[in-house]
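Inspection log for the structure reproduced underneath, given as structure tokens.
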Amino acid sequence: MSQPIIRSVKLEDFDALLKLYLELTNGAPVLGGRAGRTKLAEILEHSGTYVFGAELNGVLVSVASLHICPNLTFGGRSHARIENVVTAREHRGRGLARLVMEVAIDKAREQNVLSIILLTGKQLDVRGFYEKLGFNAEDKWGMIIRPQART
């Protein structure tokens, strides 16, 4: 395997990112086409949002998104959230997601965040992966509500 390049995702990565997100969502809708490119540009320009990826042989094969959220409590230290972590099936088990996650975690630490929050699907067998990176489910409960989409 060639050496991966860990870098920020660019708008030019849209097609590869779309393919990765379709793997992540198991075929559930991912915004594509012109609307998807516009949304990706919005995400990449959003203050406090970072999307990091691993590139192999010129192709984006693993990604993670980091969002830094300002906060007034705890001395004004921000919280961070990591989401949309995925590696292409054919490249899993090679440590690429770990490299991308380490960059995201380091960026959050550079911002002196109070905590980094990550939610992952219970049906996925990835809890051990995140625990090896230092995440735990002992301090807090993670809960979610899914408002109905407006039509």
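FYI, nothing fancy with the structure tokens labels: chains A, B, ... in order, residues from 1 per chain, ligands from 1 as they appear.
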Run DSSP on the backbone and tell me which residues of stretch 13-143 of chain A come out as strand (DSSP E or B); list them as a PDB file with C-alpha atoms, in the first residue's frame.
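Once written, states.pdb looks like this:
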```pdb
ATOM      1  CA  THR A  49     -16.117  22.914  10.462  1.00  0.00           C
ATOM      2  CA  TYR A  50     -13.345  20.723   9.097  1.00  0.00           C
ATOM      3  CA  VAL A  51     -13.541  17.675   6.858  1.00  0.00           C
ATOM      4  CA  PHE A  52     -10.389  15.576   6.835  1.00  0.00           C
ATOM      5  CA  GLY A  53      -9.606  12.717   4.527  1.00  0.00           C
ATOM      6  CA  ALA A  54      -7.067  10.071   3.619  1.00  0.00           C
ATOM      7  CA  GLU A  55      -5.977   9.985   0.004  1.00  0.00           C
ATOM      8  CA  LEU A  56      -4.379   6.954  -1.628  1.00  0.00           C
ATOM      9  CA  VAL A  59      -8.274   9.054  -4.507  1.00  0.00           C
ATOM     10  CA  LEU A  60     -10.072  10.030  -1.296  1.00  0.00           C
ATOM     11  CA  VAL A  61     -10.730   6.745   0.559  1.00  0.00           C
ATOM     12  CA  SER A  62     -11.509   7.752   4.168  1.00  0.00           C
ATOM     13  CA  VAL A  63     -13.086  10.830   5.783  1.00  0.00           C
ATOM     14  CA  ALA A  64     -14.282  12.343   9.058  1.00  0.00           C
ATOM     15  CA  SER A  65     -16.007  15.661   9.788  1.00  0.00           C
ATOM     16  CA  LEU A  66     -15.200  17.819  12.816  1.00  0.00           C
ATOM     17  CA  HIS A  67     -17.458  20.601  14.074  1.00  0.00           C
ATOM     18  CA  ILE A  68     -16.282  23.033  16.763  1.00  0.00           C
ATOM     19  CA  CYS A  69     -19.260  24.476  18.668  1.00  0.00           C
ATOM     20  CA  HIS A  79     -17.305  21.420  22.396  1.00  0.00           C
ATOM     21  CA  ALA A  80     -16.470  19.431  19.297  1.00  0.00           C
ATOM     22  CA  ARG A  81     -18.437  16.820  17.414  1.00  0.00           C
ATOM     23  CA  ILE A  82     -17.063  14.257  15.002  1.00  0.00           C
ATOM     24  CA  GLU A  83     -19.374  12.625  12.482  1.00  0.00           C
ATOM     25  CA  ASN A  84     -19.580  11.003   9.053  1.00  0.00           C
ATOM     26  CA  VAL A  85     -16.560   8.764   9.619  1.00  0.00           C
ATOM     27  CA  VAL A  86     -16.194   6.267   6.785  1.00  0.00           C
ATOM     28  CA  THR A  87     -13.533   4.351   4.893  1.00  0.00           C
ATOM     29  CA  SER A 115     -14.903  17.562  24.963  1.00  0.00           C
ATOM     30  CA  ILE A 116     -15.192  15.758  21.649  1.00  0.00           C
ATOM     31  CA  ILE A 117     -18.558  14.120  21.115  1.00  0.00           C
ATOM     32  CA  LEU A 118     -19.100  11.247  18.737  1.00  0.00           C
TER      33      LEU A 118
END
```
Helix (DSSP H, G or I) call set, DSSP backbone run, chain A, as an MDAnalysis selection string: chainID A and resid 11:24 33:45 74:76 89:91 96:110 127:132
List the spatial neighbours of stretch 128-142 of chain A as a PDB file with C-alpha atoms, in the first residue's frame - criterion: any atom at most 8 Å away, only C-alpha atoms, same-chain residues fewer than 3 positions off excluded.
```pdb
ATOM      1  CA  ARG A  98      -7.453   6.006  12.645  1.00  0.00           C
ATOM      2  CA  GLU A 102      -6.171  11.433  14.924  1.00  0.00           C
ATOM      3  CA  LEU A 118     -19.100  11.247  18.737  1.00  0.00           C
ATOM      4  CA  LEU A 119     -22.236   9.235  18.088  1.00  0.00           C
ATOM      5  CA  ASP A 125     -19.370  -3.051  15.112  1.00  0.00           C
TER       6      ASP A 125
END
```
Pick from A:Ile105, A:Leu44, A:Val126, A:Ile144, whichever lies nearest to A:Ser8 using only C-alpha atoms: A:Leu44
Long-range neighbours of stretch 29-33 of chain A as a list in words, 12 Å cut-off, only C-alpha atoms, 3 positions minimum in chain: Phe14, Asp15, Ala16, Leu17, Leu18, Lys19, Leu20, Tyr21, Leu22, Glu23, Leu24, Thr25, Asn26, Gly36, Arg37, Thr38, Lys39, Leu40 and Asn84 of chain A
Just to be explicit: take each residue in the selection above, keep C-alpha atoms, and write the result as an mmCIF file, in the first residue's frame.
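Written output follows (again-v7.cif):
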```cif
data_model
loop_
_atom_site.group_PDB
_atom_site.id
_atom_site.type_symbol
_atom_site.label_atom_id
_atom_site.label_comp_id
_atom_site.auth_asym_id
_atom_site.auth_seq_id
_atom_site.Cartn_x
_atom_site.Cartn_y
_atom_site.Cartn_z
ATOM 1 C CA PHE A 14 -17.094 15.807 -4.201
ATOM 2 C CA ASP A 15 -17.493 12.673 -6.348
ATOM 3 C CA ALA A 16 -15.243 10.548 -4.117
ATOM 4 C CA LEU A 17 -16.910 11.958 -0.987
ATOM 5 C CA LEU A 18 -20.353 11.169 -2.383
ATOM 6 C CA LYS A 19 -19.283 7.565 -3.001
ATOM 7 C CA LEU A 20 -17.968 7.256 0.575
ATOM 8 C CA TYR A 21 -21.133 8.744 2.075
ATOM 9 C CA LEU A 22 -23.282 6.322 0.081
ATOM 10 C CA GLU A 23 -21.299 3.493 1.709
ATOM 11 C CA LEU A 24 -21.757 5.117 5.116
ATOM 12 C CA THR A 25 -25.521 5.423 4.719
ATOM 13 C CA ASN A 26 -25.981 2.015 3.080
ATOM 14 C CA GLY A 36 -24.719 18.439 -3.281
ATOM 15 C CA ARG A 37 -21.755 20.444 -4.552
ATOM 16 C CA THR A 38 -23.362 23.633 -3.257
ATOM 17 C CA LYS A 39 -23.960 22.033 0.157
ATOM 18 C CA LEU A 40 -20.355 20.743 0.295
ATOM 19 C CA ASN A 84 -19.580 11.003 9.053
#
```
Among the residues A:Leu11, A:Val100, A:Ile5, A:Val113, the one that comes closest to A:Glu45 [using only C-alpha atoms]: A:Leu11
Distance criterion (only C-alpha atoms): nearest to A:Leu114 out of A:Gly93, A:Arg150, A:Lys10, A:Phe74: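 Result for the nearest residue to A:Leu114: A:Phe74.
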